[in-house]
>>> print(open('target-v6.txt').read())   # compact mmCIF, C-alpha atoms
# COMPACT_ATOMS: atom_id res chain seq x y z
CA MET A 618 -19.35 27.33 -19.66
CA LYS A 619 -18.03 30.50 -18.04
CA TYR A 620 -21.56 31.54 -17.05
CA LEU A 621 -22.25 28.10 -15.71
CA PHE A 622 -19.29 28.41 -13.32
CA THR A 623 -20.44 31.87 -12.13
CA ILE A 624 -24.02 30.74 -11.65
CA PHE A 625 -22.81 27.71 -9.69
CA ALA A 626 -20.54 29.91 -7.55
CA VAL A 627 -23.41 32.30 -6.71
CA LEU A 628 -25.72 29.38 -5.93
CA THR A 629 -23.12 27.87 -3.61
CA ALA A 630 -22.59 31.20 -1.82
CA VAL A 631 -26.34 31.57 -1.27
CA LEU A 632 -26.64 28.00 -0.01
CA LEU A 633 -23.68 28.40 2.34
CA SER A 634 -25.06 31.63 3.83
CA TYR A 635 -28.48 30.09 4.25
CA GLY A 636 -26.85 27.04 5.83
CA LEU A 637 -24.87 29.23 8.22
CA TYR A 638 -28.04 31.06 9.27
CA GLN A 639 -29.86 27.77 9.75
CA ALA A 640 -27.04 26.22 11.76
CA LEU A 641 -26.30 29.16 14.03
CA VAL A 642 -29.72 30.83 14.48
CA VAL A 643 -32.62 28.60 13.51
CA ALA A 644 -31.47 25.21 14.79
CA PRO A 645 -32.17 24.85 18.52
CA THR A 646 -29.36 24.35 21.03
CA GLU A 647 -28.75 20.71 21.83
CA GLN A 648 -29.83 19.78 25.37
CA THR A 649 -26.82 17.87 26.68
CA MET A 650 -23.98 19.06 24.47
CA GLY A 651 -24.97 22.72 24.28
CA GLU A 652 -23.75 25.20 21.68
CA VAL A 653 -20.69 23.15 20.78
CA GLN A 654 -22.94 20.65 19.04
CA ARG A 655 -23.38 23.17 16.19
CA ILE A 656 -19.95 22.14 14.91
CA PHE A 657 -21.80 19.04 13.72
CA TYR A 658 -23.35 21.08 10.87
CA TYR A 659 -19.84 21.62 9.48
CA HIS A 660 -18.03 18.49 10.63
CA VAL A 661 -20.23 15.88 8.98
CA PRO A 662 -20.81 17.76 5.68
CA SER A 663 -17.02 18.27 5.41
CA ALA A 664 -16.49 14.54 5.90
CA TRP A 665 -19.11 13.84 3.25
CA ALA A 666 -17.44 16.27 0.82
CA ALA A 667 -14.00 14.75 1.50
CA PHE A 668 -15.18 11.19 0.89
CA CYS A 669 -17.00 12.23 -2.29
CA LEU A 670 -13.85 13.96 -3.56
CA PHE A 671 -11.70 10.91 -2.80
CA PHE A 672 -14.19 8.85 -4.76
CA VAL A 673 -13.96 11.32 -7.67
CA ASN A 674 -10.17 10.96 -7.47
CA LEU A 675 -10.46 7.17 -7.76
CA VAL A 676 -12.85 7.33 -10.72
CA ALA A 677 -10.69 9.93 -12.48
CA SER A 678 -7.55 7.83 -11.82
CA ILE A 679 -9.13 4.71 -13.32
CA TRP A 680 -10.41 6.80 -16.21
CA TYR A 681 -6.87 8.06 -16.78
CA MET A 682 -5.40 4.55 -16.69
CA VAL A 683 -7.93 3.37 -19.29
CA ARG A 684 -8.07 6.38 -21.61
CA ARG A 685 -4.86 8.33 -20.87
CA ASN A 686 -6.97 11.47 -20.87
CA ARG A 687 -5.07 14.44 -19.43
CA LYS A 688 -8.30 16.07 -18.25
CA ALA A 689 -8.91 13.01 -16.07
CA ASP A 690 -5.49 13.42 -14.50
CA ALA A 691 -6.07 17.12 -13.78
CA LEU A 692 -9.41 16.20 -12.20
CA ALA A 693 -7.75 13.49 -10.07
CA LEU A 694 -5.18 15.97 -8.80
CA ALA A 695 -7.79 18.65 -8.06
CA ALA A 696 -10.08 16.18 -6.26
CA ALA A 697 -7.24 14.80 -4.14
CA GLU A 698 -6.00 18.24 -3.10
CA VAL A 699 -9.43 19.59 -2.19
CA GLY A 700 -10.34 16.27 -0.56
CA VAL A 701 -7.31 16.48 1.70
CA VAL A 702 -8.33 20.02 2.71
CA PHE A 703 -11.85 18.88 3.64
CA CYS A 704 -10.47 15.83 5.41
CA THR A 705 -8.18 18.11 7.43
CA ILE A 706 -11.23 20.19 8.41
CA VAL A 707 -12.89 16.99 9.62
CA LEU A 708 -9.84 15.96 11.62
CA VAL A 709 -9.58 19.41 13.23
CA THR A 710 -13.26 19.98 14.00
CA GLY A 711 -13.64 16.42 15.34
CA PRO A 712 -11.36 16.83 18.39
CA LEU A 713 -12.77 20.35 18.99
CA TRP A 714 -16.18 18.77 19.32
CA ALA A 715 -15.02 15.61 21.11
CA ARG A 716 -13.12 17.34 23.90
CA PRO A 717 -16.10 19.07 25.61
CA VAL A 718 -18.55 16.25 24.81
CA TRP A 719 -16.59 13.02 25.36
CA GLY A 720 -13.89 14.55 27.55
CA ILE A 721 -11.17 13.34 25.21
CA TRP A 722 -9.59 14.86 22.12
CA TRP A 723 -9.21 11.65 20.20
CA THR A 724 -10.17 8.00 20.37
CA TRP A 725 -9.04 5.22 18.02
CA ASP A 726 -12.60 4.47 17.05
CA LEU A 727 -13.52 3.05 13.62
CA ARG A 728 -14.69 6.24 11.91
CA LEU A 729 -11.91 8.42 13.29
CA THR A 730 -9.17 5.97 12.47
CA LEU A 731 -10.52 5.29 8.98
CA THR A 732 -10.63 9.03 8.28
CA LEU A 733 -7.10 9.46 9.56
CA VAL A 734 -5.77 6.58 7.45
CA LEU A 735 -7.51 7.97 4.36
CA TRP A 736 -5.95 11.34 5.08
CA LEU A 737 -2.50 9.70 5.39
CA ILE A 738 -2.94 7.81 2.11
CA TYR A 739 -3.97 10.94 0.23
CA VAL A 740 -1.21 13.07 1.74
CA ALA A 741 1.22 10.37 0.54
CA TYR A 742 -0.46 10.64 -2.87
CA LEU A 743 0.09 14.40 -2.99
CA ILE A 744 3.71 14.08 -1.82
CA LEU A 745 4.34 11.50 -4.53
CA ARG A 746 2.96 13.87 -7.16
CA LYS A 747 5.03 16.71 -5.78
CA PHE A 748 8.28 14.74 -5.63
CA SER A 749 7.96 12.85 -8.88
CA THR A 750 10.50 13.91 -11.46
CA SER A 751 9.36 11.75 -14.35
CA GLY A 752 6.98 12.82 -17.07
CA GLN A 753 4.82 9.86 -16.11
CA THR A 754 3.67 11.23 -12.76
CA PRO A 755 -0.03 10.77 -13.73
CA VAL A 756 0.42 7.02 -14.28
CA ILE A 757 2.25 6.48 -11.00
CA ALA A 758 -0.21 8.65 -9.09
CA ALA A 759 -3.18 6.81 -10.61
CA VAL A 760 -1.65 3.47 -9.60
CA LEU A 761 -1.24 4.72 -6.04
CA ALA A 762 -4.85 5.94 -5.98
CA ILE A 763 -6.01 2.45 -7.00
CA PHE A 764 -3.82 0.86 -4.30
CA GLY A 765 -5.26 3.26 -1.73
CA ALA A 766 -8.82 2.38 -2.72
CA LEU A 767 -8.05 -1.35 -2.45
CA ASP A 768 -6.69 -0.70 1.02
CA VAL A 769 -9.84 0.97 2.38
CA PRO A 770 -11.95 -2.18 2.98
CA LEU A 771 -8.96 -3.89 4.62
CA VAL A 772 -8.42 -0.90 6.89
CA TYR A 773 -12.13 -0.93 7.70
CA PHE A 774 -12.25 -4.61 8.69
CA SER A 775 -8.96 -4.56 10.58
CA ILE A 776 -9.95 -1.58 12.72
CA TRP A 777 -13.47 -2.89 13.19
CA PHE A 778 -12.12 -6.15 14.57
CA PHE A 779 -9.37 -4.40 16.53
CA ARG A 780 -12.07 -2.30 18.22
CA THR A 781 -14.30 -5.23 19.10
CA GLN A 782 -11.31 -6.80 20.85
CA HIS A 783 -10.40 -3.74 22.89
CA PRO A 784 -13.23 -2.03 24.76
CA GLN A 785 -13.94 1.55 23.85
CA PRO A 786 -15.55 4.59 25.45
CA VAL A 787 -19.17 4.79 24.37
CA VAL A 788 -19.42 7.23 21.50
CA GLY A 789 -22.62 8.70 20.12
CA GLY A 790 -26.05 7.84 21.48
CA GLY A 791 -29.68 7.81 20.48
CA GLY A 792 -32.50 10.24 21.20
CA SER A 793 -34.88 12.08 18.94
CA ILE A 794 -33.70 14.88 16.71
CA ASP A 795 -35.47 18.21 16.31
CA PRO A 796 -36.68 18.61 12.68
CA ARG A 797 -35.06 22.07 12.56
CA MET A 798 -31.73 20.41 13.32
CA LEU A 799 -32.22 17.93 10.51
CA HIS A 800 -33.20 20.76 8.19
CA ALA A 801 -30.06 22.76 9.05
CA PHE A 802 -27.97 19.61 8.62
CA PHE A 803 -29.31 18.77 5.19
CA ILE A 804 -28.99 22.35 3.96
CA ASN A 805 -25.36 22.31 5.04
CA LEU A 806 -24.82 18.90 3.51
CA ILE A 807 -26.03 20.17 0.13
CA ALA A 808 -24.15 23.46 0.54
CA PHE A 809 -20.88 21.68 1.35
CA SER A 810 -21.31 19.27 -1.54
CA CYS A 811 -21.69 22.28 -3.85
CA PHE A 812 -18.79 24.04 -2.13
CA GLY A 813 -16.50 21.03 -2.53
CA ALA A 814 -17.50 20.64 -6.17
CA LEU A 815 -16.97 24.37 -6.77
CA VAL A 816 -13.47 24.47 -5.24
CA CYS A 817 -12.53 21.27 -7.04
CA TRP A 818 -13.87 22.68 -10.30
CA SER A 819 -11.90 25.93 -10.01
CA ARG A 820 -8.76 23.99 -9.01
CA TYR A 821 -9.30 21.80 -12.07
CA ARG A 822 -9.66 24.84 -14.34
CA PHE A 823 -6.53 26.37 -12.84
CA GLU A 824 -4.61 23.12 -13.36
CA MET A 825 -5.70 22.89 -16.99
CA ALA A 826 -4.75 26.53 -17.63
CA HIS A 827 -1.42 25.98 -15.90
CA ARG A 828 -0.66 22.96 -18.07
CA ASP A 829 -1.65 24.82 -21.24
CA VAL A 830 0.78 27.58 -20.35
CA GLU A 831 3.53 25.05 -19.68
CA ASP A 832 2.90 23.28 -22.97
CA ARG A 833 2.93 26.55 -24.87
CA GLN A 834 6.15 27.67 -23.21
CA ALA A 835 7.79 24.36 -24.03
CA LEU A 836 6.65 24.66 -27.64
CA GLU A 837 7.92 28.25 -27.87
CA SER A 838 11.35 27.34 -26.51
CA ILE A 839 11.59 24.52 -29.06
CA MET A 840 10.64 26.90 -31.88
CA GLU A 841 13.15 29.49 -30.70
CA ALA A 842 15.86 26.90 -30.55
CA GLY A 843 14.93 25.84 -34.07
CA ALA A 844 14.95 29.44 -35.37
CA SER A 845 18.29 30.31 -33.86
CA ARG A 846 19.95 27.30 -35.44
CA MET W 603 13.73 -17.51 -22.12
CA SER W 604 10.46 -18.52 -20.48
CA SER W 605 9.00 -16.24 -17.85
CA ASP W 606 9.81 -18.80 -15.14
CA GLY W 607 13.36 -18.95 -16.36
CA LEU W 608 13.62 -15.18 -16.32
CA THR W 609 12.31 -15.04 -12.77
CA ARG W 610 14.79 -17.69 -11.69
CA ALA W 611 17.71 -16.05 -13.47
CA THR W 612 17.01 -12.63 -11.95
CA LEU W 613 16.45 -14.11 -8.52
CA ILE W 614 19.69 -16.12 -8.63
CA LYS W 615 21.58 -13.06 -9.88
CA ASP W 616 20.24 -10.95 -6.99
CA LEU W 617 20.98 -13.66 -4.44
CA ARG W 618 24.51 -14.08 -5.75
CA LEU W 619 25.09 -10.32 -5.65
CA GLU W 620 23.82 -10.25 -2.10
CA TRP W 621 25.86 -13.31 -1.12
CA ARG W 622 29.06 -11.67 -2.34
CA SER W 623 28.47 -8.17 -1.01
CA LYS W 624 26.13 -8.86 1.95
CA ASP W 625 25.17 -5.17 1.79
CA ALA W 626 21.44 -5.48 2.45
CA ILE W 627 21.53 -8.22 5.05
CA ASN W 628 24.32 -6.62 7.09
CA SER W 629 22.73 -3.19 7.21
CA MET W 630 19.30 -4.70 7.95
CA LEU W 631 20.65 -6.87 10.73
CA PHE W 632 22.54 -4.11 12.45
CA PHE W 633 19.63 -1.72 12.03
CA ALA W 634 17.14 -4.20 13.53
CA LEU W 635 19.56 -4.91 16.38
CA LEU W 636 19.77 -1.20 17.15
CA VAL W 637 15.98 -0.93 17.15
CA VAL W 638 15.74 -3.85 19.60
CA VAL W 639 18.30 -2.32 21.96
CA ILE W 640 16.82 1.18 21.79
CA PHE W 641 13.28 -0.09 22.39
CA SER W 642 14.54 -2.08 25.32
CA PHE W 643 16.05 1.05 26.89
CA ALA W 644 13.08 3.22 25.97
CA PHE W 645 10.45 0.96 27.57
CA ASP W 646 12.42 -1.21 30.01
CA PRO W 647 9.67 -3.86 30.09
CA THR W 648 9.17 -6.70 32.55
CA ALA W 649 8.60 -10.22 31.16
CA GLU W 650 4.81 -9.86 31.38
CA GLU W 651 4.81 -6.41 29.75
CA SER W 652 7.19 -7.49 27.03
CA ARG W 653 4.80 -10.27 26.07
CA GLN W 654 2.13 -7.60 25.55
CA ILE W 655 4.31 -5.27 23.48
CA ALA W 656 6.66 -7.76 21.77
CA GLY W 657 4.36 -8.23 18.75
CA GLY W 658 4.52 -4.53 18.04
CA LEU W 659 8.25 -4.26 18.70
CA VAL W 660 9.20 -7.20 16.48
CA TRP W 661 7.19 -6.01 13.52
CA VAL W 662 8.17 -2.37 13.77
CA ALA W 663 11.84 -3.45 13.85
CA PHE W 664 11.33 -5.74 10.84
CA LEU W 665 9.37 -3.08 8.98
CA PHE W 666 12.08 -0.45 9.42
CA ALA W 667 14.80 -2.94 8.55
CA ALA W 668 12.92 -4.19 5.49
CA VAL W 669 12.81 -0.65 4.10
CA VAL W 670 16.62 -0.73 3.99
CA ALA W 671 16.58 -3.77 1.71
CA LEU W 672 13.61 -2.59 -0.32
CA ASN W 673 15.30 0.71 -1.12
CA GLN W 674 18.20 -1.14 -2.71
CA THR W 675 15.97 -3.35 -4.87
CA TRP W 676 15.77 -1.24 -7.98
CA ALA W 677 18.49 1.33 -7.33
CA ARG W 678 20.99 -1.38 -8.31
CA GLU W 679 19.37 -1.69 -11.73
CA LEU W 680 19.66 2.01 -12.49
CA ARG W 681 23.42 1.76 -12.83
CA ASN W 682 24.53 1.06 -16.42
CA GLN W 683 20.90 1.54 -17.57
CA VAL W 684 19.97 -2.05 -16.72
CA LEU W 685 16.37 -1.03 -16.10
CA ASP W 686 16.16 0.56 -19.54
CA ALA W 687 17.40 -2.72 -20.99
CA TYR W 688 14.57 -4.51 -19.18
CA ARG W 689 12.10 -2.02 -20.61
CA VAL W 690 13.11 -2.55 -24.23
CA SER W 691 13.49 -6.32 -23.86
CA PRO W 692 10.42 -8.47 -24.61
CA ALA W 693 10.71 -10.04 -21.15
CA PRO W 694 7.39 -9.99 -19.25
CA PRO W 695 7.57 -7.29 -16.50
CA ASN W 696 5.79 -9.54 -14.03
CA SER W 697 8.55 -12.13 -13.96
CA LEU W 698 11.00 -9.36 -13.12
CA PHE W 699 8.69 -8.11 -10.36
CA LEU W 700 8.22 -11.60 -8.94
CA ALA W 701 11.99 -12.18 -8.92
CA LYS W 702 12.57 -8.94 -7.04
CA ALA W 703 9.76 -9.58 -4.58
CA LEU W 704 10.96 -13.14 -3.92
CA GLY W 705 14.51 -11.88 -3.44
CA ASN W 706 13.35 -9.34 -0.88
CA PHE W 707 11.21 -11.99 0.76
CA ILE W 708 14.25 -14.21 1.19
CA PHE W 709 16.35 -11.34 2.60
CA VAL W 710 13.71 -10.32 5.14
CA THR W 711 13.02 -13.95 6.10
CA VAL W 712 16.72 -14.52 6.78
CA LEU W 713 16.73 -11.34 8.86
CA GLU W 714 13.73 -12.57 10.86
CA ALA W 715 15.29 -15.99 11.40
CA LEU W 716 18.43 -14.39 12.76
CA MET W 717 16.69 -11.72 14.83
CA THR W 718 13.99 -13.85 16.47
CA PRO W 719 16.41 -15.64 18.88
CA LEU W 720 17.77 -12.23 19.90
CA PHE W 721 14.28 -10.98 20.63
CA ILE W 722 13.54 -14.06 22.68
CA VAL W 723 16.72 -13.57 24.71
CA PHE W 724 16.44 -9.81 25.20
CA TYR W 725 12.75 -9.78 26.08
CA ASN W 726 12.50 -13.19 27.83
CA LEU W 727 9.70 -14.26 25.54
CA ARG W 728 7.73 -17.48 25.70
CA ALA W 729 4.56 -18.06 23.71
CA LEU W 730 1.52 -18.89 25.84
CA GLY W 731 -0.69 -19.51 22.79
CA PRO W 732 -0.26 -21.92 19.85
CA ALA W 733 3.35 -21.22 18.81
CA TRP W 734 3.06 -23.19 15.54
CA GLN W 735 1.00 -20.30 14.15
CA LEU W 736 3.94 -17.90 14.47
CA PRO W 737 5.77 -19.07 11.31
CA ILE W 738 2.51 -18.74 9.35
CA VAL W 739 2.06 -15.17 10.57
CA ALA W 740 5.72 -14.45 9.80
CA VAL W 741 5.51 -15.73 6.23
CA LEU W 742 2.22 -13.96 5.47
CA GLY W 743 3.31 -10.75 7.14
CA THR W 744 6.67 -10.68 5.42
CA TRP W 745 5.09 -11.21 2.04
CA ALA W 746 2.59 -8.41 2.77
CA LEU W 747 5.44 -5.99 3.50
CA VAL W 748 7.63 -7.16 0.67
CA VAL W 749 5.11 -7.29 -2.18
CA ASN W 750 3.95 -3.72 -1.64
CA GLY W 751 7.44 -2.56 -0.74
CA THR W 752 8.94 -3.89 -3.97
CA PHE W 753 6.13 -2.28 -5.93
CA PHE W 754 6.41 1.11 -4.22
CA ALA W 755 10.20 1.04 -4.49
CA ALA W 756 9.76 0.81 -8.26
CA MET W 757 7.26 3.69 -8.10
CA SER W 758 9.58 5.91 -6.09
CA LEU W 759 12.52 5.35 -8.45
CA ARG W 760 11.76 8.48 -10.43
CA THR W 761 11.25 10.80 -7.51
CA ARG W 762 13.44 13.25 -5.69
CA SER W 763 14.81 11.88 -2.39
CA ARG W 764 13.52 8.39 -3.20
CA GLU W 765 14.98 6.83 -0.05
CA ILE W 766 12.39 8.67 2.04
CA MET W 767 9.63 8.31 -0.56
CA LEU W 768 9.34 4.54 -0.09
CA PRO W 769 8.30 4.58 3.60
CA LEU W 770 5.97 7.52 2.91
CA LEU W 771 4.08 5.37 0.40
CA LEU W 772 4.49 2.00 2.09
CA PHE W 773 3.52 2.79 5.68
CA PRO W 774 0.02 4.26 5.15
CA ILE W 775 -0.99 1.45 2.78
CA SER W 776 0.49 -1.21 5.10
CA ILE W 777 -1.52 -0.13 8.14
CA PRO W 778 -4.06 -3.00 7.99
CA ALA W 779 -1.31 -5.57 7.36
CA LEU W 780 0.80 -4.18 10.16
CA LEU W 781 -2.17 -4.20 12.53
CA ALA W 782 -2.88 -7.81 11.56
CA MET W 783 0.72 -8.96 12.07
CA VAL W 784 1.05 -7.22 15.41
CA GLU W 785 -2.30 -8.41 16.73
CA ALA W 786 -1.76 -11.98 15.54
CA THR W 787 1.69 -12.13 17.12
CA THR W 788 0.48 -10.60 20.37
CA SER W 789 -2.48 -12.96 20.55
CA ILE W 790 -0.19 -15.98 20.06
CA LEU W 791 2.33 -14.74 22.63
CA THR W 792 -0.25 -13.93 25.28
CA GLY W 793 -2.66 -16.73 24.38
CA GLU W 794 -5.56 -14.48 25.35
CA TYR W 795 -7.52 -14.64 22.12
CA SER W 796 -7.46 -16.39 18.75
CA ALA W 797 -5.29 -15.15 15.90
CA LYS W 798 -7.60 -16.65 13.27
CA PHE W 799 -9.24 -13.43 12.08
CA TRP W 800 -5.88 -11.69 11.67
CA ILE W 801 -4.40 -14.58 9.70
CA VAL W 802 -7.40 -14.55 7.38
CA LEU W 803 -7.03 -10.78 6.99
CA LEU W 804 -3.34 -11.21 6.14
CA VAL W 805 -4.19 -13.84 3.52
CA ALA W 806 -6.76 -11.46 1.99
CA TYR W 807 -4.25 -8.60 2.04
CA ASP W 808 -1.55 -10.73 0.43
CA LEU W 809 -3.84 -12.04 -2.31
CA LEU W 810 -5.35 -8.64 -3.08
CA PHE W 811 -2.09 -6.73 -3.30
CA THR W 812 -0.16 -9.50 -5.09
CA MET W 813 -2.81 -9.47 -7.80
CA ALA W 814 -2.93 -5.67 -7.94
CA SER W 815 0.87 -5.48 -8.18
CA LEU W 816 1.03 -8.04 -10.96
CA LEU W 817 -1.76 -6.28 -12.87
CA LEU W 818 -0.27 -2.80 -12.56
CA PHE W 819 3.48 -3.41 -12.52
CA SER W 820 3.95 -3.07 -16.28
CA PHE W 821 2.53 0.48 -16.08
CA VAL W 822 5.02 1.40 -13.38
CA LEU W 823 7.98 -0.22 -15.13
CA HIS W 824 7.25 1.58 -18.38
CA ALA W 825 6.58 4.93 -16.71
CA GLU W 826 9.72 6.88 -17.51
>>> encode(input="target-v6.txt", output="structure tokens")
Amino acid sequence: MKYLFTIFAVLTAVLLSYGLYQALVVAPTEQTMGEVQRIFYYHVPSAWAAFCLFFVNLVASIWYMVRRNRKADALALAAAEVGVVFCTIVLVTGPLWARPVWGIWWTWDLRLTLTLVLWLIYVAYLILRKFSTSGQTPVIAAVLAIFGALDVPLVYFSIWFFRTQHPQPVVGGGGSIDPRMLHAFFINLIAFSCFGALVCWSRYRFEMAHRDVEDRQALESIMEAGASR
Amino acid sequence: MSSDGLTRATLIKDLRLEWRSKDAINSMLFFALLVVVIFSFAFDPTAEESRQIAGGLVWVAFLFAAVVALNQTWARELRNQVLDAYRVSPAPPNSLFLAKALGNFIFVTVLEALMTPLFIVFYNLRALGPAWQLPIVAVLGTWALVVNGTFFAAMSLRTRSREIMLPLLLFPISIPALLAMVEATTSILTGEYSAKFWIVLLVAYDLLFTMASLLLFSFVLHAE
């Protein structure tokens, strides 16, 4: 198990370096957007990693509600935390890219707004976990994760219709893509998936170790109290 | 006692408590009034502008005011360990939840009924679209706020600084409902487009989250 983690970490590092080389050196400069377009190789894979991690959080939360497995809860927490970090990267790199290309930092377009709402829901999730004083934090957090997931399609449809009512600046555009660009993109997509999984995995291991220590300390203090009586 | 009877008993108890103390309704009313006045100063709209922004103003004022009532929902039951008594009693948790949600629904509806004339006066409002749809939007929108609010208020009971926890949980989840209420109200007031899609969305939201709350409430009630 320990070796597996190390091997995975090395593999991720190699993939990330190769992806960086591909994105910055090999991939050609985009004609209209210029060098700034290279942020795309990090922006989209981060979004992908964030959405995958939020999905892992949902599955782990449901798993916890059904089985009351404490590993599932630790996984849900790890996935939500790392997912919020990746989602923040998306929300920061997005405006950095949008400003020179679209001339605006932000637009309330479907994808942007959906990402922002997801980020808000998961930040609320983390605050709830942080502020909860009961021993049943996992249950309450899992319930909130399920509510958040139910909300996503409604958010999607409401913003989609809101946007069709109010005209928007034209975002995106067609054109053919250089195969080297696609190559760099897919390498980074795989690398970021591995990276997200790796960080989530180590956060999960840390959380489990942390809980073991807490349990042991609690047990020790009980035993000491018993011995002193 | 049957589950209907339990719902009715809890609801009547809450209404009687509110009738005698008038805590929630008074604080909600004054709070909403302040929001109306402050918005009016902040934006200083003309009649045409206020028709465009009134949907947003009304619902933001009601949302903020509703949080005041929602925060009091369960806090009352913590005193004298009433909530613990509910937990150990064989009473179905859902009838308790329904009673609380209905109680909040009545409080917020009364607030809306009292505040709407004020809004009309202060902002010189007149609906250009089909005004008969407004009560439908109000009922659906209020239930959307109240069903999730009652649920999240129960969730935030066991947290530090729970008064602030409720809006932190409620607002992000309520975004689609809030968008639907605001857009439906604006479309009816301006008469520029149909409110049909938004009403359907509100119905979907209400159904989905009422079912989810009823399915998951027992977990939240028994989480100690």
>>> interface_residues(input="target-v6.txt", of="chain W", to="chain A", cutoff="6 Å", atoms="all atoms listed in the file", output="list in words")
Arg760, Thr761, Arg762, Leu771, Pro774, Pro778, Ala825 and Glu826 of chain W
>>> residues_around(input="target-v6.txt", residues="Ala644 of chain A", least_positions_apart="5", cutoff="9 Å", atoms="all atoms listed in the file", output="list in words")
Tyr638, Gln639, Arg655, Asp795, Pro796, Arg797, Met798, Leu799, His800 and Ala801 of chain A
>>> atom_distance(input="target-v6.txt", atom1="atom CA of Trp661 of chain W", atom2="atom CA of Asp625 of chain W")
21.5 Å
>>> atom_distance(input="target-v6.txt", atom1="atom CA of Gln648 of chain A", atom2="atom CA of Trp714 of chain A")
15.0 Å
>>> axis_aligned_box(input="target-v6.txt", around="segment 711-722 of chain A", padding_each_side="5 Å", output="JSON")
{"center_x": -14.1, "center_y": 16.7, "center_z": 21.4, "size_x": 19.0, "size_y": 17.3, "size_z": 22.2}
>>> closest_residue(input="target-v6.txt", among="W:Ala755, W:Ile655, W:Met630, W:Leu742", to="Asp808 of chain W", atoms="all atoms listed in the file")
W:Leu742
>>> closest_residue(input="target-v6.txt", among="W:Phe641, W:Ala626, W:Leu770, W:Leu810", to="Ala746 of chain W", atoms="only C-alpha atoms")
W:Leu810
>>> closest_residue(input="target-v6.txt", among="A:Val709, A:Ala759, A:Ala626, A:Leu729", to="Trp818 of chain A", atoms="all atoms listed in the file")
A:Ala626
>>> closest_residue(input="target-v6.txt", among="A:Ala697, A:Ala715, A:Val631, A:Leu815", to="Phe672 of chain A", atoms="only C-alpha atoms")
A:Ala697
>>> closest_residue(input="target-v6.txt", among="W:Asn726, W:Ser815, W:Ser623, W:Ser789", to="Pro647 of chain W", atoms="all atoms listed in the file")
W:Asn726
>>> residues_around(input="target-v6.txt", residues="Gly636 of chain A", least_positions_apart="5", cutoff="7 Å", atoms="all atoms listed in the file", output="PyMOL selection string")
chain A and resi 801+804-805+808
>>> write_last_selection(input="target-v6.txt", atoms="C-alpha atoms", output="PDB file, in the coordinates of the input")
ATOM      1  CA  ALA A 801     -30.060  22.760   9.050  1.00  0.00           C
ATOM      2  CA  ILE A 804     -28.990  22.350   3.960  1.00  0.00           C
ATOM      3  CA  ASN A 805     -25.360  22.310   5.040  1.00  0.00           C
ATOM      4  CA  ALA A 808     -24.150  23.460   0.540  1.00  0.00           C
TER       5      ALA A 808
END
>>> decode(input="target-v6.txt", residues="segment 761-772 of chain A", atoms="N, CA and C atoms", output="PDB file, in the first residue's frame")
ATOM      1  N   LEU A 761     -26.063  17.379   3.756  1.00  0.00           N
ATOM      2  CA  LEU A 761     -25.875  18.609   2.984  1.00  0.00           C
ATOM      3  C   LEU A 761     -25.299  18.310   1.599  1.00  0.00           C
ATOM      4  N   ALA A 762     -24.383  17.327   1.535  1.00  0.00           N
ATOM      5  CA  ALA A 762     -23.806  16.964   0.236  1.00  0.00           C
ATOM      6  C   ALA A 762     -24.899  16.468  -0.705  1.00  0.00           C
ATOM      7  N   ILE A 763     -25.845  15.683  -0.155  1.00  0.00           N
ATOM      8  CA  ILE A 763     -26.943  15.165  -0.991  1.00  0.00           C
ATOM      9  C   ILE A 763     -27.836  16.324  -1.453  1.00  0.00           C
ATOM     10  N   PHE A 764     -28.123  17.269  -0.541  1.00  0.00           N
ATOM     11  CA  PHE A 764     -28.935  18.430  -0.916  1.00  0.00           C
ATOM     12  C   PHE A 764     -28.225  19.235  -2.013  1.00  0.00           C
ATOM     13  N   GLY A 765     -26.926  19.404  -1.877  1.00  0.00           N
ATOM     14  CA  GLY A 765     -26.170  20.146  -2.881  1.00  0.00           C
ATOM     15  C   GLY A 765     -26.251  19.483  -4.243  1.00  0.00           C
ATOM     16  N   ALA A 766     -26.146  18.142  -4.256  1.00  0.00           N
ATOM     17  CA  ALA A 766     -26.195  17.422  -5.527  1.00  0.00           C
ATOM     18  C   ALA A 766     -27.574  17.555  -6.171  1.00  0.00           C
ATOM     19  N   LEU A 767     -28.629  17.519  -5.325  1.00  0.00           N
ATOM     20  CA  LEU A 767     -29.987  17.684  -5.862  1.00  0.00           C
ATOM     21  C   LEU A 767     -30.154  19.066  -6.476  1.00  0.00           C
ATOM     22  N   ASP A 768     -29.419  20.018  -5.931  1.00  0.00           N
ATOM     23  CA  ASP A 768     -29.573  21.402  -6.361  1.00  0.00           C
ATOM     24  C   ASP A 768     -28.952  21.647  -7.748  1.00  0.00           C
ATOM     25  N   VAL A 769     -27.919  20.856  -8.082  1.00  0.00           N
ATOM     26  CA  VAL A 769     -27.146  21.153  -9.295  1.00  0.00           C
ATOM     27  C   VAL A 769     -28.002  21.205 -10.573  1.00  0.00           C
ATOM     28  N   PRO A 770     -28.868  20.178 -10.836  1.00  0.00           N
ATOM     29  CA  PRO A 770     -29.676  20.298 -12.060  1.00  0.00           C
ATOM     30  C   PRO A 770     -30.580  21.519 -12.059  1.00  0.00           C
ATOM     31  N   LEU A 771     -31.125  21.868 -10.877  1.00  0.00           N
ATOM     32  CA  LEU A 771     -32.002  23.046 -10.806  1.00  0.00           C
ATOM     33  C   LEU A 771     -31.216  24.314 -11.102  1.00  0.00           C
ATOM     34  N   VAL A 772     -30.008  24.395 -10.556  1.00  0.00           N
ATOM     35  CA  VAL A 772     -29.161  25.557 -10.841  1.00  0.00           C
ATOM     36  C   VAL A 772     -28.897  25.618 -12.349  1.00  0.00           C
TER      37      VAL A 772
END
